[in-house]
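S.K.: What follows is work_12.tsv, made up of TSV, C-alpha atoms:
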```
chain	number	residue	atom	x	y	z
A	1183	MET	CA	50.14	79.20	63.28
A	1184	TRP	CA	53.20	81.14	64.34
A	1185	SER	CA	54.16	84.08	62.19
A	1186	ARG	CA	57.42	83.88	60.24
A	1187	ARG	CA	58.92	86.66	62.42
A	1188	LEU	CA	58.11	84.81	65.62
A	1189	VAL	CA	59.62	81.57	64.32
A	1190	LEU	CA	62.83	83.33	63.31
A	1191	GLY	CA	63.02	84.96	66.72
A	1192	VAL	CA	62.73	81.62	68.50
A	1193	LEU	CA	65.46	80.12	66.30
A	1194	VAL	CA	67.86	83.03	66.75
A	1195	LEU	CA	67.51	83.32	70.55
A	1196	PRO	CA	69.38	80.07	71.44
A	1197	LEU	CA	72.21	81.04	69.07
A	1198	ALA	CA	72.51	84.45	70.70
A	1199	LEU	CA	72.65	82.86	74.12
A	1200	LEU	CA	75.43	80.52	73.00
A	1201	VAL	CA	77.49	83.35	71.49
A	1202	PHE	CA	77.30	85.65	74.48
A	1203	GLY	CA	77.57	82.82	76.96
A	1204	ASP	CA	80.99	81.84	75.64
A	1205	GLY	CA	82.51	85.32	76.05
A	1206	PRO	CA	84.00	86.99	79.13
A	1207	VAL	CA	81.53	87.79	81.86
A	1208	PHE	CA	81.15	91.55	82.32
A	1209	HIS	CA	79.32	92.87	85.36
A	1210	ALA	CA	77.79	96.28	84.74
A	1211	PRO	CA	79.05	98.75	87.34
A	1212	ASP	CA	76.70	100.72	89.50
A	1213	LYS	CA	74.80	103.28	87.38
A	1214	GLU	CA	76.10	106.23	89.39
A	1215	LEU	CA	79.70	105.07	89.00
A	1216	ALA	CA	79.24	104.25	85.34
A	1217	THR	CA	78.42	107.87	84.56
A	1218	GLY	CA	81.16	109.45	86.67
A	1219	PRO	CA	83.11	110.80	88.33
A	1220	ARG	CA	85.23	112.47	85.68
A	1221	PRO	CA	88.54	114.30	86.08
A	1222	PRO	CA	88.64	118.11	86.20
A	1223	ARG	CA	88.67	120.19	83.07
A	1224	GLY	CA	91.14	122.95	82.36
A	1225	LEU	CA	94.39	121.10	81.83
A	1226	PRO	CA	94.76	119.73	78.31
A	1227	GLN	CA	94.61	115.97	77.95
A	1228	PRO	CA	97.91	114.67	76.58
A	1229	ALA	CA	97.79	112.43	73.54
A	1230	VAL	CA	97.05	108.83	74.58
A	1231	VAL	CA	97.26	105.68	72.45
A	1232	SER	CA	94.01	103.77	72.91
A	1233	ARG	CA	93.66	100.11	73.81
A	1234	ARG	CA	92.28	99.49	70.34
A	1235	ASP	CA	95.40	100.98	68.78
A	1236	TRP	CA	97.84	98.93	70.88
A	1237	HIS	CA	95.61	95.90	70.26
A	1238	ALA	CA	94.74	95.01	73.83
A	1239	ASP	CA	93.51	91.44	74.10
A	1240	GLU	CA	89.94	92.13	75.14
A	1241	GLU	CA	89.08	88.42	75.13
A	1242	LEU	CA	91.37	87.96	78.13
A	1243	VAL	CA	89.58	90.63	80.19
A	1244	ARG	CA	87.50	88.99	82.90
A	1245	GLU	CA	85.25	91.85	84.03
A	1246	GLY	CA	84.26	95.29	82.90
A	1247	PRO	CA	85.70	98.46	84.48
A	1248	GLN	CA	84.82	99.81	87.88
A	1249	TYR	CA	85.11	103.47	88.81
A	1250	THR	CA	86.39	105.36	91.80
A	1251	GLY	CA	86.82	108.95	92.94
A	1252	ALA	CA	88.92	111.45	90.99
A	1253	ALA	CA	92.62	110.91	91.68
A	1254	ARG	CA	93.90	112.19	95.01
A	1255	ALA	CA	97.32	110.68	94.33
A	1256	VAL	CA	99.52	109.25	91.59
A	1257	PHE	CA	101.63	106.12	92.01
A	1258	VAL	CA	104.61	105.79	89.66
A	1259	HIS	CA	105.80	102.30	88.65
A	1260	HIS	CA	108.16	100.66	86.22
A	1261	THR	CA	107.47	97.47	84.29
A	1262	GLY	CA	110.93	95.87	84.58
A	1263	ASN	CA	111.47	95.49	80.83
A	1264	PRO	CA	114.96	95.98	79.35
A	1265	ASN	CA	115.46	99.63	78.42
A	1266	ASP	CA	116.86	99.13	74.91
A	1267	TYR	CA	113.54	98.27	73.27
A	1268	ASP	CA	112.42	99.91	70.04
A	1269	CYS	CA	109.47	102.19	70.78
A	1270	ALA	CA	107.62	100.56	67.87
A	1271	ASP	CA	107.62	97.40	70.00
A	1272	ALA	CA	105.97	99.05	73.01
A	1273	PRO	CA	102.50	97.67	72.15
A	1274	ASP	CA	103.95	94.13	72.19
A	1275	LEU	CA	105.47	94.79	75.61
A	1276	ILE	CA	102.19	96.15	76.94
A	1277	ARG	CA	100.27	93.13	75.68
A	1278	ALA	CA	102.76	90.92	77.52
A	1279	VAL	CA	102.17	92.90	80.71
A	1280	GLN	CA	98.42	92.51	80.23
A	1281	ARG	CA	98.77	88.73	79.81
A	1282	ASP	CA	100.93	88.47	82.93
A	1283	HIS	CA	98.56	90.53	85.05
A	1284	ILE	CA	95.57	88.44	84.01
A	1285	ARG	CA	97.00	84.93	83.66
A	1286	GLN	CA	99.70	84.96	86.34
A	1287	ASP	CA	98.37	87.49	88.84
A	1288	GLY	CA	94.71	86.62	88.35
A	1289	TRP	CA	93.55	90.19	87.82
A	1290	ASP	CA	90.61	91.24	85.65
A	1291	ASP	CA	92.76	93.28	83.26
A	1292	ILE	CA	96.11	95.06	83.08
A	1293	GLY	CA	96.63	96.75	86.43
A	1294	TYR	CA	98.10	100.12	85.44
A	1295	ASN	CA	95.85	102.96	84.35
A	1296	PHE	CA	98.50	104.26	81.96
A	1297	LEU	CA	101.90	103.26	80.60
A	1298	VAL	CA	104.61	105.50	79.12
A	1299	ASP	CA	107.38	104.34	76.78
A	1300	ARG	CA	110.94	105.63	76.45
A	1301	CYS	CA	109.91	107.90	73.55
A	1302	GLY	CA	107.28	109.64	75.67
A	1303	THR	CA	104.25	107.96	74.13
A	1304	ILE	CA	101.39	107.51	76.61
A	1305	TYR	CA	99.22	104.39	76.39
A	1306	GLU	CA	95.82	103.70	77.86
A	1307	GLY	CA	96.13	100.86	80.36
A	1308	ARG	CA	93.17	99.44	82.22
A	1309	ALA	CA	89.90	99.69	80.29
A	1310	GLY	CA	87.21	102.17	81.19
A	1311	GLY	CA	88.11	105.42	79.47
A	1312	VAL	CA	91.20	107.62	79.71
A	1313	GLY	CA	89.11	110.57	80.86
A	1314	ARG	CA	87.37	108.58	83.59
A	1315	SER	CA	88.42	107.66	87.11
A	1316	VAL	CA	88.99	103.95	86.54
A	1317	LEU	CA	89.72	101.74	89.54
A	1318	GLY	CA	93.08	100.13	88.83
A	1319	ALA	CA	95.04	97.21	90.27
A	1320	HIS	CA	98.42	98.90	90.45
A	1321	THR	CA	99.15	99.61	94.12
A	1322	LYS	CA	97.99	97.02	96.62
A	1323	GLY	CA	95.94	98.68	99.36
A	1324	PHE	CA	95.75	102.04	97.59
A	1325	ASN	CA	93.91	101.65	94.30
A	1326	ALA	CA	90.89	103.73	95.31
A	1327	ASP	CA	90.98	107.42	94.35
A	1328	THR	CA	94.44	107.06	92.79
A	1329	VAL	CA	95.97	106.54	89.37
A	1330	GLY	CA	98.80	104.15	88.53
A	1331	ILE	CA	101.30	105.10	85.81
A	1332	ALA	CA	103.99	102.65	84.69
A	1333	ALA	CA	107.19	103.64	82.92
A	1334	ILE	CA	108.06	100.89	80.44
A	1335	GLY	CA	111.57	99.79	81.36
A	1336	ASN	CA	113.79	99.03	84.32
A	1337	PHE	CA	115.01	102.11	86.15
A	1338	GLY	CA	117.24	100.74	88.86
A	1339	GLU	CA	120.35	102.49	90.10
A	1340	GLY	CA	122.43	103.93	87.27
A	1341	ALA	CA	119.71	103.68	84.64
A	1342	GLU	CA	118.92	106.67	82.45
A	1343	VAL	CA	115.34	107.94	82.49
A	1344	PRO	CA	114.73	109.44	79.03
A	1345	LYS	CA	113.69	113.09	78.95
A	1346	ALA	CA	110.72	112.31	76.71
A	1347	MET	CA	109.47	109.79	79.26
A	1348	MET	CA	109.80	112.29	82.10
A	1349	ASP	CA	107.98	114.96	80.10
A	1350	ALA	CA	105.08	112.57	79.51
A	1351	LEU	CA	104.94	111.50	83.16
A	1352	VAL	CA	104.74	115.16	84.21
A	1353	LYS	CA	101.92	116.00	81.81
A	1354	LEU	CA	99.96	112.88	82.70
A	1355	ALA	CA	100.27	113.33	86.47
A	1356	ALA	CA	99.32	117.01	86.24
A	1357	TRP	CA	96.27	116.20	84.14
A	1358	LYS	CA	94.89	113.25	86.12
A	1359	LEU	CA	95.06	114.72	89.63
A	1360	ARG	CA	91.77	116.20	90.79
A	1361	PRO	CA	91.30	119.95	91.41
A	1362	GLY	CA	93.06	121.21	94.51
A	1363	ALA	CA	95.46	118.28	94.68
A	1364	ASP	CA	98.98	119.58	95.25
A	1365	PRO	CA	101.70	117.57	93.50
A	1366	LEU	CA	104.15	118.98	96.06
A	1367	GLY	CA	102.01	118.00	99.02
A	1368	SER	CA	100.88	114.92	100.88
A	1369	VAL	CA	97.62	113.04	101.21
A	1370	ASP	CA	96.08	110.71	103.78
A	1371	LEU	CA	94.92	107.43	102.27
A	1372	VAL	CA	93.38	104.47	104.08
A	1373	SER	CA	94.96	101.09	103.35
A	1374	THR	CA	92.58	98.39	102.16
A	1375	ASN	CA	95.06	95.50	102.29
A	1376	ASP	CA	97.37	94.10	104.97
A	1377	GLU	CA	99.90	93.15	102.28
A	1378	SER	CA	100.88	96.79	101.80
A	1379	ARG	CA	103.33	98.58	104.11
A	1380	PHE	CA	100.28	99.61	106.15
A	1381	ASP	CA	97.73	97.48	107.97
A	1382	GLU	CA	94.24	97.35	106.55
A	1383	GLY	CA	92.33	100.36	107.85
A	1384	GLN	CA	95.48	102.27	108.76
A	1385	VAL	CA	95.77	105.84	107.55
A	1386	ALA	CA	98.93	106.35	105.51
A	1387	ARG	CA	100.34	109.79	104.83
A	1388	LEU	CA	101.91	109.64	101.39
A	1389	HIS	CA	103.20	112.02	98.76
A	1390	VAL	CA	100.51	113.09	96.30
A	1391	VAL	CA	103.00	111.88	93.69
A	1392	SER	CA	104.44	108.69	95.17
A	1393	GLY	CA	106.54	105.78	94.02
A	1394	HIS	CA	105.19	102.25	94.36
A	1395	ARG	CA	107.78	101.55	97.07
A	1396	ASP	CA	106.24	104.20	99.33
A	1397	SER	CA	103.29	101.93	100.02
A	1398	PHE	CA	104.54	98.43	99.20
A	1399	GLU	CA	107.66	96.37	99.92
A	1400	THR	CA	109.31	96.72	96.51
A	1401	ARG	CA	112.10	98.59	94.75
A	1402	CYS	CA	109.65	99.81	92.09
A	1403	PRO	CA	109.89	102.22	90.28
A	1404	GLY	CA	113.65	101.75	90.53
A	1405	ASP	CA	116.20	103.98	92.26
A	1406	ALA	CA	116.85	106.16	89.22
A	1407	LEU	CA	113.20	107.01	88.55
A	1408	TYR	CA	112.39	107.29	92.24
A	1409	ALA	CA	115.16	109.89	92.61
A	1410	LEU	CA	113.45	112.00	89.93
A	1411	LEU	CA	110.08	112.11	91.67
A	1412	PRO	CA	110.85	115.47	93.37
A	1413	GLU	CA	111.46	116.95	89.91
A	1414	LEU	CA	108.26	115.35	88.63
A	1415	ARG	CA	106.32	116.93	91.51
A	1416	GLU	CA	107.80	120.37	90.92
A	1417	ARG	CA	107.09	120.33	87.20
A	1418	ALA	CA	103.55	118.98	87.61
A	1419	ALA	CA	102.82	121.68	90.19
A	1420	LYS	CA	103.99	124.40	87.78
A	1421	LEU	CA	101.72	123.07	85.03
A	1422	ARG	CA	98.73	123.04	87.36
A	1423	ALA	CA	99.51	126.48	88.77
A	1424	ALA	CA	98.86	127.98	85.35
A	1425	VAL	CA	95.25	126.72	85.35
A	1426	PRO	CA	92.65	128.35	87.67
A	1427	GLY	CA	91.22	125.92	90.20
A	1428	HIS	CA	94.05	123.41	89.96
A	1429	SER	CA	96.80	125.05	91.98
A	1430	ALA	CA	97.02	124.32	95.66
A	1431	ALA	CA	99.71	126.92	96.28
A	1432	ALA	CA	97.42	129.05	98.41
A	1433	ARG	CA	96.62	126.13	100.71
A	1434	LEU	CA	98.60	124.91	103.64
A	1435	ARG	CA	100.40	121.70	102.82
A	1436	PRO	CA	100.50	119.04	105.53
A	1437	SER	CA	104.05	118.15	106.47
A	1438	PHE	CA	105.45	114.63	106.70
```
Output the file's structure in the form of structure tokens.
M.R.:
Amino acid sequence: MWSRRLVLGVLVLPLALLVFGDGPVFHAPDKELATGPRPPRGLPQPAVVSRRDWHADEELVREGPQYTGAARAVFVHHTGNPNDYDCADAPDLIRAVQRDHIRQDGWDDIGYNFLVDRCGTIYEGRAGGVGRSVLGAHTKGFNADTVGIAAIGNFGEGAEVPKAMMDALVKLAAWKLRPGADPLGSVDLVSTNDESRFDEGQVARLHVVSGHRDSFETRCPGDALYALLPELRERAAKLRAAVPGHSAAARLRPSF
């Protein structure tokens, strides 16, 4: 006769298979990638609102995170939302972006690694860990070894970019770039998609802190925010210069 424990195990197994079979399919990333790489230490991590706290819809997510190399470049975006939102409503706006990226664009999750609201609050975007090098879906052709940060709003010509938002963008860019990356410099990245401004396999020389439009046919992140990228680079470089191992001031910067 079967023991009571064995019988219970046989009865529970089909139920477990039904429960897990109905959920999203998550493919475990390669073991080496799952344990790293991690961003450099030294610069303080800015405060980040977690996915749990902005109530990301995890049931929509189609696959688990994948990882890439520590960020060689930052791409700045805007979401296109009206700028007069209440910052308390930012989580609702982010959930809408997540739904659009998954349902309309067919992506696994929200594409941006981080989002920043008009009050300077930073939100975790794509799942995988804010301190990890998560492969995003933010900049077609250039998602590997980069980080995508979206400013919540529409920053076309004449728009005001709030100071709190700029301050947060500076801190986040300075923190996420890997050691030795120079926010004032340039970087060579290889395009992985013909739909970018560069053919697949072509080497593109881009700013270490770039706007989305630098690599893709778009007006993102808007003329007003794009015009502030030189300031963002300068300020991020000053933050990194204060931390040993992060400044690239002593290195020759490639020219454009």
S.K.: One decimal, in Å: what's the spacing between atom CA of Phe1324 of chain A and atom CA of Pro1264 of chain A?
M.R.: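 Those two atoms sit 27.2 Å apart.
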S.K.: Which one of A:Val1243, A:Val1329, A:Val1258, A:Leu1371 sits closest to Gln1280 of chain A if you count only C-alpha atoms?
M.R.: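 Closest residue, counting only C-alpha atoms: A:Val1243.
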S.K.: Could you pull the residues within 9 Å of Arg1277 of chain A, counting all atoms listed in the file, minus those fewer than 3 positions along the same chain, as a PyMOL selection string?
M.R.: chain A and resi 1236-1239+1272-1274+1280-1282+1292
S.K.: Please put the answer as JSON: centre and edge lengths, in Å with one decimal, of a box along x, y and z that encloses all listed atoms of segment 1368-1373 of chain A plus 6 Å on each side.
M.R.:
```
{"center_x": 97.1, "center_y": 108.0, "center_z": 102.5, "size_x": 19.5, "size_y": 25.8, "size_z": 15.2}
```
S.K.: Hey, which of A:Asp1290, A:Ala1309, A:Val1298, A:His1260 ends up closest to Thr1400 of chain A? Count only C-alpha atoms.
M.R.: A:His1260
S.K.: Can you tell me how far atom CA of Ala1326 of chain A sits from atom CA of Gly1338 of chain A, in Å to one decimal?
M.R.: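 Calculated distance between atom CA of Ala1326 of chain A and atom CA of Gly1338 of chain A is 27.3 Å.
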S.K.: For Ser1232 of chain A, please output as JSON, numbers by chain all residues within 10 Å (counting only C-alpha atoms; exclusion window: fewer than 6 positions along the same chain).
M.R.: {"A": [1238, 1304, 1305, 1306, 1307, 1309, 1311, 1312]}
S.K.: Please list, as a list of chain:residue names, the residues that have an atom at most 12 Å away from (93.9, 98.4, 103.6) in the coordinates of this file, counting all atoms listed in the file.
M.R.: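 Those residues, ordered by chain and then number, are A:Thr1321, A:Lys1322, A:Gly1323, A:Phe1324, A:Asn1325, A:Ala1326, A:Leu1371, A:Val1372, A:Ser1373, A:Thr1374, A:Asn1375, A:Asp1376, A:Glu1377, A:Ser1378, A:Arg1379, A:Phe1380, A:Asp1381, A:Glu1382, A:Gly1383, A:Gln1384, A:Val1385, A:Ala1386, A:Ser1397, A:Phe1398.
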S.K.: Save the residues we just selected, C-alpha atoms, as a CSV table (one decimal), in the coordinates of the input?
M.R.:
```csv
chain,number,residue,atom,x,y,z
A,1321,THR,CA,99.2,99.6,94.1
A,1322,LYS,CA,98.0,97.0,96.6
A,1323,GLY,CA,95.9,98.7,99.4
A,1324,PHE,CA,95.8,102.0,97.6
A,1325,ASN,CA,93.9,101.6,94.3
A,1326,ALA,CA,90.9,103.7,95.3
A,1371,LEU,CA,94.9,107.4,102.3
A,1372,VAL,CA,93.4,104.5,104.1
A,1373,SER,CA,95.0,101.1,103.4
A,1374,THR,CA,92.6,98.4,102.2
A,1375,ASN,CA,95.1,95.5,102.3
A,1376,ASP,CA,97.4,94.1,105.0
A,1377,GLU,CA,99.9,93.2,102.3
A,1378,SER,CA,100.9,96.8,101.8
A,1379,ARG,CA,103.3,98.6,104.1
A,1380,PHE,CA,100.3,99.6,106.2
A,1381,ASP,CA,97.7,97.5,108.0
A,1382,GLU,CA,94.2,97.4,106.6
A,1383,GLY,CA,92.3,100.4,107.8
A,1384,GLN,CA,95.5,102.3,108.8
A,1385,VAL,CA,95.8,105.8,107.6
A,1386,ALA,CA,98.9,106.4,105.5
A,1397,SER,CA,103.3,101.9,100.0
A,1398,PHE,CA,104.5,98.4,99.2
```
S.K.: So, counting only C-alpha atoms, which residue among A:Arg1360, A:Gly1246, A:Cys1402, A:Thr1303 is closest to Leu1317 of chain A?
M.R.: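 That would be A:Gly1246, the residue with the smallest distance to Leu1317 of chain A.
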S.K.: So what do you get for atom CA of Trp1289 of chain A versus atom CA of Glu1245 of chain A, distance-wise?
M.R.: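 Going from atom CA of Trp1289 of chain A over to atom CA of Glu1245 of chain A covers 9.3 Å.
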S.K.: Considering all atoms listed in the file, can you say which of A:Ala1255, A:Ile1331, A:Leu1242, A:Ala1270 comes closest to Ile1284 of chain A?
M.R.: A:Leu1242
S.K.: I'd like the neighbourhood of Glu1416 of chain A as a ChimeraX atom specification, where a residue qualifies if any of its atoms comes within 10 Å (using all atoms listed in the file), though same-chain residues fewer than 2 positions away should be ignored.
M.R.: /A:1352,1364-1366,1411-1414,1418-1421
S.K.: What would the file look like if the residues just selected were written as a short mmCIF file (atom, residue, chain, number, x, y, z; two decimals), in the coordinates of the input with C-alpha atoms?
M.R.:
```
data_model
loop_
_atom_site.label_atom_id
_atom_site.label_comp_id
_atom_site.auth_asym_id
_atom_site.auth_seq_id
_atom_site.Cartn_x
_atom_site.Cartn_y
_atom_site.Cartn_z
CA VAL A 1352 104.74 115.16 84.21
CA ASP A 1364 98.98 119.58 95.25
CA PRO A 1365 101.70 117.57 93.50
CA LEU A 1366 104.15 118.98 96.06
CA LEU A 1411 110.08 112.11 91.67
CA PRO A 1412 110.85 115.47 93.37
CA GLU A 1413 111.46 116.95 89.91
CA LEU A 1414 108.26 115.35 88.63
CA ALA A 1418 103.55 118.98 87.61
CA ALA A 1419 102.82 121.68 90.19
CA LYS A 1420 103.99 124.40 87.78
CA LEU A 1421 101.72 123.07 85.03
#
```
S.K.: Please provide the set of residues having any atom within 8 Å of Pro1228 of chain A, restricted to only C-alpha atoms, with same-chain residues fewer than 5 positions apart removed, written as a ChimeraX atom specification.
M.R.: /A:1304,1353-1354,1357
S.K.: Grab the residues selected above and save them as a PDB file, in the frame of the given file with C-alpha atoms.
M.R.:
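To be explicit, this is the file written out as again_22.pdb:
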```pdb
ATOM      1  CA  ILE A1304     101.390 107.510  76.610  1.00  0.00           C
ATOM      2  CA  LYS A1353     101.920 116.000  81.810  1.00  0.00           C
ATOM      3  CA  LEU A1354      99.960 112.880  82.700  1.00  0.00           C
ATOM      4  CA  TRP A1357      96.270 116.200  84.140  1.00  0.00           C
TER       5      TRP A1357
END
```
S.K.: Have a look at A:Ala1341, A:Ala1332, A:Cys1301, A:Ala1346 and name the one nearest to Tyr1267 of chain A; count all atoms listed in the file.
M.R.: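 Answer, going by the shortest atom-to-atom distance: A:Cys1301.
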S.K.: Reconstruct N, CA, C and O atoms of segment 1353-1365 of chain A from the incomplete input and present them as a JSON list (two decimals), in the coordinates of the input.
M.R.:
```json
[["chain", "number", "residue", "atom", "x", "y", "z"],
["A", 1353, "LYS", "N", 103.19, 115.57, 82.39],
["A", 1353, "LYS", "CA", 101.92, 116.00, 81.81],
["A", 1353, "LYS", "C", 100.76, 115.11, 82.28],
["A", 1353, "LYS", "O", 99.67, 115.61, 82.58],
["A", 1354, "LEU", "N", 101.02, 113.81, 82.33],
["A", 1354, "LEU", "CA", 99.96, 112.88, 82.70],
["A", 1354, "LEU", "C", 99.57, 113.04, 84.16],
["A", 1354, "LEU", "O", 98.38, 113.07, 84.50],
["A", 1355, "ALA", "N", 100.56, 113.15, 85.04],
["A", 1355, "ALA", "CA", 100.27, 113.33, 86.47],
["A", 1355, "ALA", "C", 99.53, 114.63, 86.71],
["A", 1355, "ALA", "O", 98.55, 114.68, 87.48],
["A", 1356, "ALA", "N", 99.96, 115.71, 86.06],
["A", 1356, "ALA", "CA", 99.32, 117.01, 86.24],
["A", 1356, "ALA", "C", 97.87, 116.97, 85.78],
["A", 1356, "ALA", "O", 96.98, 117.55, 86.40],
["A", 1357, "TRP", "N", 97.62, 116.26, 84.70],
["A", 1357, "TRP", "CA", 96.27, 116.20, 84.14],
["A", 1357, "TRP", "C", 95.33, 115.34, 84.98],
["A", 1357, "TRP", "O", 94.17, 115.70, 85.20],
["A", 1358, "LYS", "N", 95.79, 114.19, 85.47],
["A", 1358, "LYS", "CA", 94.89, 113.25, 86.12],
["A", 1358, "LYS", "C", 94.55, 113.60, 87.56],
["A", 1358, "LYS", "O", 93.51, 113.18, 88.07],
["A", 1359, "LEU", "N", 95.39, 114.37, 88.24],
["A", 1359, "LEU", "CA", 95.06, 114.72, 89.63],
["A", 1359, "LEU", "C", 93.84, 115.63, 89.68],
["A", 1359, "LEU", "O", 93.65, 116.50, 88.83],
["A", 1360, "ARG", "N", 93.01, 115.43, 90.68],
["A", 1360, "ARG", "CA", 91.77, 116.20, 90.79],
["A", 1360, "ARG", "C", 92.06, 117.65, 91.19],
["A", 1360, "ARG", "O", 93.16, 117.96, 91.67],
["A", 1361, "PRO", "N", 91.09, 118.55, 91.03],
["A", 1361, "PRO", "CA", 91.30, 119.95, 91.41],
["A", 1361, "PRO", "C", 91.69, 120.08, 92.87],
["A", 1361, "PRO", "O", 91.17, 119.39, 93.74],
["A", 1362, "GLY", "N", 92.63, 120.97, 93.13],
["A", 1362, "GLY", "CA", 93.06, 121.21, 94.51],
["A", 1362, "GLY", "C", 94.15, 120.29, 94.99],
["A", 1362, "GLY", "O", 94.78, 120.56, 96.01],
["A", 1363, "ALA", "N", 94.38, 119.18, 94.28],
["A", 1363, "ALA", "CA", 95.46, 118.28, 94.68],
["A", 1363, "ALA", "C", 96.80, 118.96, 94.40],
["A", 1363, "ALA", "O", 97.00, 119.53, 93.34],
["A", 1364, "ASP", "N", 97.69, 118.91, 95.36],
["A", 1364, "ASP", "CA", 98.98, 119.58, 95.25],
["A", 1364, "ASP", "C", 100.07, 118.56, 94.99],
["A", 1364, "ASP", "O", 100.40, 117.77, 95.87],
["A", 1365, "PRO", "N", 100.65, 118.55, 93.79],
["A", 1365, "PRO", "CA", 101.70, 117.57, 93.50],
["A", 1365, "PRO", "C", 102.89, 117.67, 94.45],
["A", 1365, "PRO", "O", 103.65, 116.70, 94.57]]
```
